[in-house]
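Asks: I am attaching a structure below and will ask some questions about it afterwards.
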Amino acid sequence: MSTQPPANPSDPDAIRARVADACDALEQIDRGGCYARITVHRSWSRHNPATTGQIARPSSSRWYLERELAALLEQGAEIEIAPSRERVPLDDPELFRRIDESELDITRKKLFLFGPERVDLSVQRLEHYTGTRAEDFQRYILLTNYDMHMAEFESVYPECVKPARPGVQMPAMHHLAPGNAGVSIVNIGVGPSNAKNLTDHVAVLRPDVALMIGHCAGVRNHQEIGDFVLASGYLRADRILDEALPVGVPIAPNFLLNRFLAQELDQRKLPYRLGAVYTTIDRNWELSLGGSLQGLRLSRAVAVDMESATVAANGFRFRIPHATLLCVSDKPLHGAPKLPGKAREFYEQSKRQHIAIALAAVEQVRKGFPRGLPNSDLRAMDEPLIR
């Protein structure tokens, strides 16, 4: 089918109708066992007047396709949709050869960041790990490694979608809203490997926000247990993405998302420090301080954790606006390690504030940027047409 811009490109109802028909056609092709091919014709483009891409499981990111295809139609583009080729079975070794994009021609613009094989695999792995459907993931995603944050989220949204089966590795909950404009939360577990695993797969859903909320060790004299940390940068001692993204590449959280978080902290008159977060692969880093202390000094870090830099690095790689809001749970360098009694008291006091601040910041994003936060700082020379 061919979807042409309406006679009046400013008519939102006509645009919505054309986009709905296009997405219905994509899903019908997918149900028939084929990848769908989308070709976008832009008469005004000198270098890439026609850009083609294939997609799998379009229902998992329908809200995103609706938004991006509508934007193209509003500009006067023409969109063609047709079956491409049969889906590669997930148990076919050919799948992993096709997922490898290391030899792409950067002079030819892609339509999508990910190929259909990668999307198909990631969607199914995401559903396996979280126990929820990919279609239920919302545009704004909170990442945590504490059950208490999950429990607090459920208390705020008692009708949220929960895992369909017990014992999943990374349980997720979803507060559903029209257009997937609600909030999801995922308990990713502890450590950079888990953080990479989840963000590798959730990236194919193209979320508008990935916000890490967790706990950290405070390393400054004037931090107290319960103070918040808002990351301004990261020291990547997690090592897990060093080959995919050299450590010399600068990574910073989204400025607007950080500003919204800071505003919420200020309005609540809560103490916090803005600074670098040192993300380590070593859960017991304080037992061998030699290397860690040098990194902490040189980076001027204010906190230590095990996931934030990994989430941020994958956010940078996959063009997802991200930020980090942590809460100081211990100060091992100052004789205040995490101990059972004090930890339980701290957890009870902090969890409500943590979730409330994160949700309030997300609400500001939702109201101010319904088409997504600006991410020009994440765009590359081989950027896909549909971001």
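Each chain in the structure tokens gets a letter, A, B, ..., in the order shown, and its residues are numbered from 1; ligands are numbered from 1 in order too.
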How close does stretch 113-175 of chain A get to stretch 352-356 of chain A? List, as a tab-separated table, each residue of stretch 113-175 of chain A within 7 Å, its nearest atom pair and the distance in Å to one decimal, counting only C-alpha atoms.

Replies:
residue	atom	partner	partner_atom	distance
A:His149	CA	A:Ile355	CA	6.9
A:Glu152	CA	A:Arg352	CA	6.5
A:Phe153	CA	A:Ile355	CA	6.9

Asks: Using only C-alpha atoms, can you tell me which of A:Asn180, A:Ser299, A:Ser155, A:Asn221 comes closest to A:Glu66?

Replies: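 Using only C-alpha atoms, the shortest distance to A:Glu66 belongs to A:Asn180.
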
Asks: Which polymer residues have any atom within 12 Å of an atom of A:Pro49, counting only C-alpha atoms, with same-chain residues fewer than 2 positions away left out, as a ChimeraX atom specification?

Replies: /A:39-47,51-52,77-79,108-111,385

Asks: Would you save the residues from that selection as a PDB file, in the first residue's frame, using N, CA, C and O atoms?

Replies:
ATOM      1  N   THR A  39       9.119   2.038   2.834  1.00  0.00           N
ATOM      2  CA  THR A  39       9.930   2.932   2.022  1.00  0.00           C
ATOM      3  C   THR A  39       9.367   4.347   2.153  1.00  0.00           C
ATOM      4  O   THR A  39       8.167   4.563   1.947  1.00  0.00           O
ATOM      5  N   VAL A  40      10.226   5.260   2.513  1.00  0.00           N
ATOM      6  CA  VAL A  40       9.836   6.660   2.680  1.00  0.00           C
ATOM      7  C   VAL A  40      10.433   7.470   1.537  1.00  0.00           C
ATOM      8  O   VAL A  40      11.660   7.471   1.338  1.00  0.00           O
ATOM      9  N   HIS A  41       9.569   8.122   0.775  1.00  0.00           N
ATOM     10  CA  HIS A  41       9.998   8.986  -0.331  1.00  0.00           C
ATOM     11  C   HIS A  41       9.930  10.445   0.134  1.00  0.00           C
ATOM     12  O   HIS A  41       8.869  10.932   0.532  1.00  0.00           O
ATOM     13  N   ARG A  42      11.068  11.108   0.049  1.00  0.00           N
ATOM     14  CA  ARG A  42      11.146  12.530   0.417  1.00  0.00           C
ATOM     15  C   ARG A  42      11.713  13.288  -0.787  1.00  0.00           C
ATOM     16  O   ARG A  42      12.924  13.281  -1.028  1.00  0.00           O
ATOM     17  N   SER A  43      10.862  13.953  -1.526  1.00  0.00           N
ATOM     18  CA  SER A  43      11.277  14.608  -2.761  1.00  0.00           C
ATOM     19  C   SER A  43      12.291  15.721  -2.518  1.00  0.00           C
ATOM     20  O   SER A  43      13.066  16.066  -3.416  1.00  0.00           O
ATOM     21  N   TRP A  44      12.320  16.241  -1.321  1.00  0.00           N
ATOM     22  CA  TRP A  44      13.211  17.350  -1.018  1.00  0.00           C
ATOM     23  C   TRP A  44      14.619  16.913  -0.615  1.00  0.00           C
ATOM     24  O   TRP A  44      15.509  17.741  -0.461  1.00  0.00           O
ATOM     25  N   SER A  45      14.827  15.622  -0.436  1.00  0.00           N
ATOM     26  CA  SER A  45      16.129  15.135   0.024  1.00  0.00           C
ATOM     27  C   SER A  45      17.040  14.887  -1.180  1.00  0.00           C
ATOM     28  O   SER A  45      16.729  14.084  -2.062  1.00  0.00           O
ATOM     29  N   ARG A  46      18.194  15.557  -1.211  1.00  0.00           N
ATOM     30  CA  ARG A  46      19.129  15.405  -2.317  1.00  0.00           C
ATOM     31  C   ARG A  46      19.919  14.111  -2.216  1.00  0.00           C
ATOM     32  O   ARG A  46      20.192  13.451  -3.215  1.00  0.00           O
ATOM     33  N   HIS A  47      20.320  13.709  -0.980  1.00  0.00           N
ATOM     34  CA  HIS A  47      21.190  12.551  -0.812  1.00  0.00           C
ATOM     35  C   HIS A  47      20.426  11.241  -0.622  1.00  0.00           C
ATOM     36  O   HIS A  47      20.901  10.186  -1.031  1.00  0.00           O
ATOM     37  N   THR A  51      14.265   6.098   1.268  1.00  0.00           N
ATOM     38  CA  THR A  51      14.920   5.357   2.342  1.00  0.00           C
ATOM     39  C   THR A  51      14.047   4.172   2.712  1.00  0.00           C
ATOM     40  O   THR A  51      12.848   4.321   2.949  1.00  0.00           O
ATOM     41  N   THR A  52      14.664   2.988   2.762  1.00  0.00           N
ATOM     42  CA  THR A  52      13.917   1.752   2.982  1.00  0.00           C
ATOM     43  C   THR A  52      14.416   1.040   4.228  1.00  0.00           C
ATOM     44  O   THR A  52      15.613   1.047   4.527  1.00  0.00           O
ATOM     45  N   ALA A  77       6.049  13.725   3.026  1.00  0.00           N
ATOM     46  CA  ALA A  77       6.638  12.477   2.544  1.00  0.00           C
ATOM     47  C   ALA A  77       5.551  11.504   2.098  1.00  0.00           C
ATOM     48  O   ALA A  77       4.394  11.590   2.527  1.00  0.00           O
ATOM     49  N   GLU A  78       5.939  10.576   1.233  1.00  0.00           N
ATOM     50  CA  GLU A  78       5.065   9.487   0.822  1.00  0.00           C
ATOM     51  C   GLU A  78       5.632   8.188   1.393  1.00  0.00           C
ATOM     52  O   GLU A  78       6.845   7.970   1.380  1.00  0.00           O
ATOM     53  N   ILE A  79       4.754   7.326   1.887  1.00  0.00           N
ATOM     54  CA  ILE A  79       5.191   6.103   2.568  1.00  0.00           C
ATOM     55  C   ILE A  79       4.593   4.894   1.866  1.00  0.00           C
ATOM     56  O   ILE A  79       3.378   4.833   1.634  1.00  0.00           O
ATOM     57  N   ARG A 108      24.779   5.579   3.342  1.00  0.00           N
ATOM     58  CA  ARG A 108      23.389   5.295   2.969  1.00  0.00           C
ATOM     59  C   ARG A 108      22.530   5.326   4.224  1.00  0.00           C
ATOM     60  O   ARG A 108      22.730   4.547   5.153  1.00  0.00           O
ATOM     61  N   LYS A 109      21.583   6.221   4.250  1.00  0.00           N
ATOM     62  CA  LYS A 109      20.759   6.394   5.447  1.00  0.00           C
ATOM     63  C   LYS A 109      19.855   5.197   5.676  1.00  0.00           C
ATOM     64  O   LYS A 109      19.175   4.722   4.758  1.00  0.00           O
ATOM     65  N   LYS A 110      19.854   4.695   6.903  1.00  0.00           N
ATOM     66  CA  LYS A 110      18.921   3.640   7.299  1.00  0.00           C
ATOM     67  C   LYS A 110      17.578   4.266   7.665  1.00  0.00           C
ATOM     68  O   LYS A 110      17.497   5.454   8.004  1.00  0.00           O
ATOM     69  N   LEU A 111      16.551   3.452   7.632  1.00  0.00           N
ATOM     70  CA  LEU A 111      15.259   3.935   8.102  1.00  0.00           C
ATOM     71  C   LEU A 111      15.136   3.756   9.607  1.00  0.00           C
ATOM     72  O   LEU A 111      14.657   4.649  10.313  1.00  0.00           O
ATOM     73  N   LEU A 385      16.723   7.591   9.657  1.00  0.00           N
ATOM     74  CA  LEU A 385      15.697   8.597   9.401  1.00  0.00           C
ATOM     75  C   LEU A 385      14.671   8.635  10.510  1.00  0.00           C
ATOM     76  O   LEU A 385      14.286   9.688  10.994  1.00  0.00           O
TER      77      LEU A 385
END

Asks: From stretch 2-235 of chain A, collect each residue whose DSSP state is strand (DSSP E) and return the set as number ranges by chain.

Replies: A: 2-3, 34-41, 50-55, 78-86, 140-144, 172-175, 183-187, 209-218, 228-235

Asks: Pick from A:Arg371, A:Arg139, A:Arg236, A:Arg259: nearest to A:Val183, with only C-alpha atoms counted?

Replies: A:Arg139

Asks: Which of these, A:Ser308, A:Ser193, A:Gln169, A:Ser84, has the shortest distance to A:His128 once you count only C-alpha atoms?

Replies: A:Gln169

Asks: A:Ala309: which residues within 7 Å, counting only C-alpha atoms, same-chain residues fewer than 5 positions away excluded, as a ChimeraX atom specification?

Replies: /A:234-236,279

Asks: For the residues in that selection, give me N, CA and C atoms as a short mmCIF file (atom, residue, chain, number, x, y, z; two decimals), in the first residue's frame.

Replies:
data_model
loop_
_atom_site.label_atom_id
_atom_site.label_comp_id
_atom_site.auth_asym_id
_atom_site.auth_seq_id
_atom_site.Cartn_x
_atom_site.Cartn_y
_atom_site.Cartn_z
N TYR A 234 29.66 10.39 34.42
CA TYR A 234 29.92 9.03 34.90
C TYR A 234 31.39 8.67 34.71
N LEU A 235 31.93 7.90 35.64
CA LEU A 235 33.20 7.22 35.43
C LEU A 235 32.88 5.75 35.22
N ARG A 236 33.20 5.26 34.03
CA ARG A 236 32.78 3.91 33.63
C ARG A 236 33.82 2.88 34.05
N THR A 279 30.68 4.10 38.50
CA THR A 279 30.00 2.81 38.39
C THR A 279 31.05 1.70 38.30
#

Asks: Of the candidates A:Ala301, A:Gly226, A:Leu205, A:Ala70, which shows the shortest atom-to-atom distance to A:Asp11, using only C-alpha atoms?

Replies: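 Among the listed residues, A:Ala70 lies closest to A:Asp11.
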
Asks: Might you pull out every residue within 7 Å of A:Cys34, with only C-alpha atoms counted and same-chain residues fewer than 5 positions away left off, and present them as an mmCIF file with all heavy atoms, in the first residue's frame?

Replies:
data_model
loop_
_atom_site.group_PDB
_atom_site.id
_atom_site.type_symbol
_atom_site.label_atom_id
_atom_site.label_comp_id
_atom_site.auth_asym_id
_atom_site.auth_seq_id
_atom_site.Cartn_x
_atom_site.Cartn_y
_atom_site.Cartn_z
ATOM 1 N N ILE A 29 0.987 -7.790 7.874
ATOM 2 C CA ILE A 29 2.128 -8.445 7.236
ATOM 3 C C ILE A 29 2.904 -9.272 8.253
ATOM 4 O O ILE A 29 3.308 -10.404 7.992
ATOM 5 C CB ILE A 29 3.038 -7.392 6.572
ATOM 6 C CG1 ILE A 29 2.325 -6.739 5.386
ATOM 7 C CG2 ILE A 29 4.366 -8.014 6.134
ATOM 8 C CD1 ILE A 29 3.038 -5.517 4.831
ATOM 9 N N PRO A 83 5.125 -6.437 2.000
ATOM 10 C CA PRO A 83 5.869 -7.549 2.596
ATOM 11 C C PRO A 83 7.295 -7.566 2.065
ATOM 12 O O PRO A 83 7.533 -7.231 0.897
ATOM 13 C CB PRO A 83 5.092 -8.793 2.143
ATOM 14 C CG PRO A 83 3.745 -8.274 1.736
ATOM 15 C CD PRO A 83 3.966 -6.889 1.217
ATOM 16 N N SER A 84 8.251 -7.970 2.911
ATOM 17 C CA SER A 84 9.647 -8.012 2.491
ATOM 18 C C SER A 84 10.100 -9.455 2.263
ATOM 19 O O SER A 84 10.270 -9.881 1.132
ATOM 20 C CB SER A 84 10.540 -7.342 3.534
ATOM 21 O OG SER A 84 11.895 -7.484 3.213
ATOM 22 N N ARG A 85 10.300 -10.203 3.324
ATOM 23 C CA ARG A 85 10.774 -11.578 3.215
ATOM 24 C C ARG A 85 10.311 -12.337 4.444
ATOM 25 O O ARG A 85 9.881 -11.735 5.429
ATOM 26 C CB ARG A 85 12.302 -11.626 3.114
ATOM 27 C CG ARG A 85 13.024 -10.883 4.210
ATOM 28 C CD ARG A 85 14.523 -10.751 3.930
ATOM 29 N NE ARG A 85 15.166 -9.848 4.857
ATOM 30 C CZ ARG A 85 15.619 -10.172 6.050
ATOM 31 N NH1 ARG A 85 15.508 -11.443 6.476
ATOM 32 N NH2 ARG A 85 16.203 -9.301 6.822
ATOM 33 N N GLU A 86 10.395 -13.628 4.376
ATOM 34 C CA GLU A 86 9.936 -14.436 5.500
ATOM 35 C C GLU A 86 10.806 -14.181 6.723
ATOM 36 O O GLU A 86 12.019 -13.984 6.620
ATOM 37 C CB GLU A 86 9.965 -15.926 5.137
ATOM 38 C CG GLU A 86 8.900 -16.325 4.147
ATOM 39 C CD GLU A 86 8.856 -17.840 3.951
ATOM 40 O OE1 GLU A 86 9.596 -18.556 4.665
ATOM 41 O OE2 GLU A 86 8.079 -18.292 3.101
ATOM 42 N N ARG A 87 10.172 -14.209 7.878
ATOM 43 C CA ARG A 87 10.898 -14.008 9.135
ATOM 44 C C ARG A 87 11.902 -15.135 9.348
ATOM 45 O O ARG A 87 11.597 -16.308 9.106
ATOM 46 C CB ARG A 87 9.902 -13.961 10.291
ATOM 47 C CG ARG A 87 10.561 -13.767 11.645
ATOM 48 C CD ARG A 87 9.565 -13.823 12.780
ATOM 49 N NE ARG A 87 8.779 -12.612 12.865
ATOM 50 C CZ ARG A 87 7.477 -12.553 12.660
ATOM 51 N NH1 ARG A 87 6.803 -13.650 12.347
ATOM 52 N NH2 ARG A 87 6.835 -11.415 12.773
#

Asks: For A:Leu211, list every protein, DNA or RNA residue within 8 Å, evaluated using only C-alpha atoms, and leave out those in the same chain fewer than 2 positions away; present the list as a PyMOL selection string.

Replies: chain A and resi 141-143+209+213+322-325+358

Asks: Which residue is closest to A:Trp63? Choose from A:Glu94, A:Glu127, A:Glu383, A:Glu135 and count only C-alpha atoms.

Replies: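 Distance minimum relative to A:Trp63 lands on A:Glu135.
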
Asks: Please identify which residues in stretch 145-374 of chain A DSSP calls helix (DSSP H, G or I) from the backbone, and express them as a count of residues only.

Replies: 96

Asks: Using only C-alpha atoms, find the one residue out of A:Lys351, A:Phe255, A:Leu241, A:Glu117 that sits nearest to A:Met150.

Replies: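 Checking each of A:Lys351, A:Phe255, A:Leu241, A:Glu117 against A:Met150, counting only C-alpha atoms, the winner is A:Lys351.
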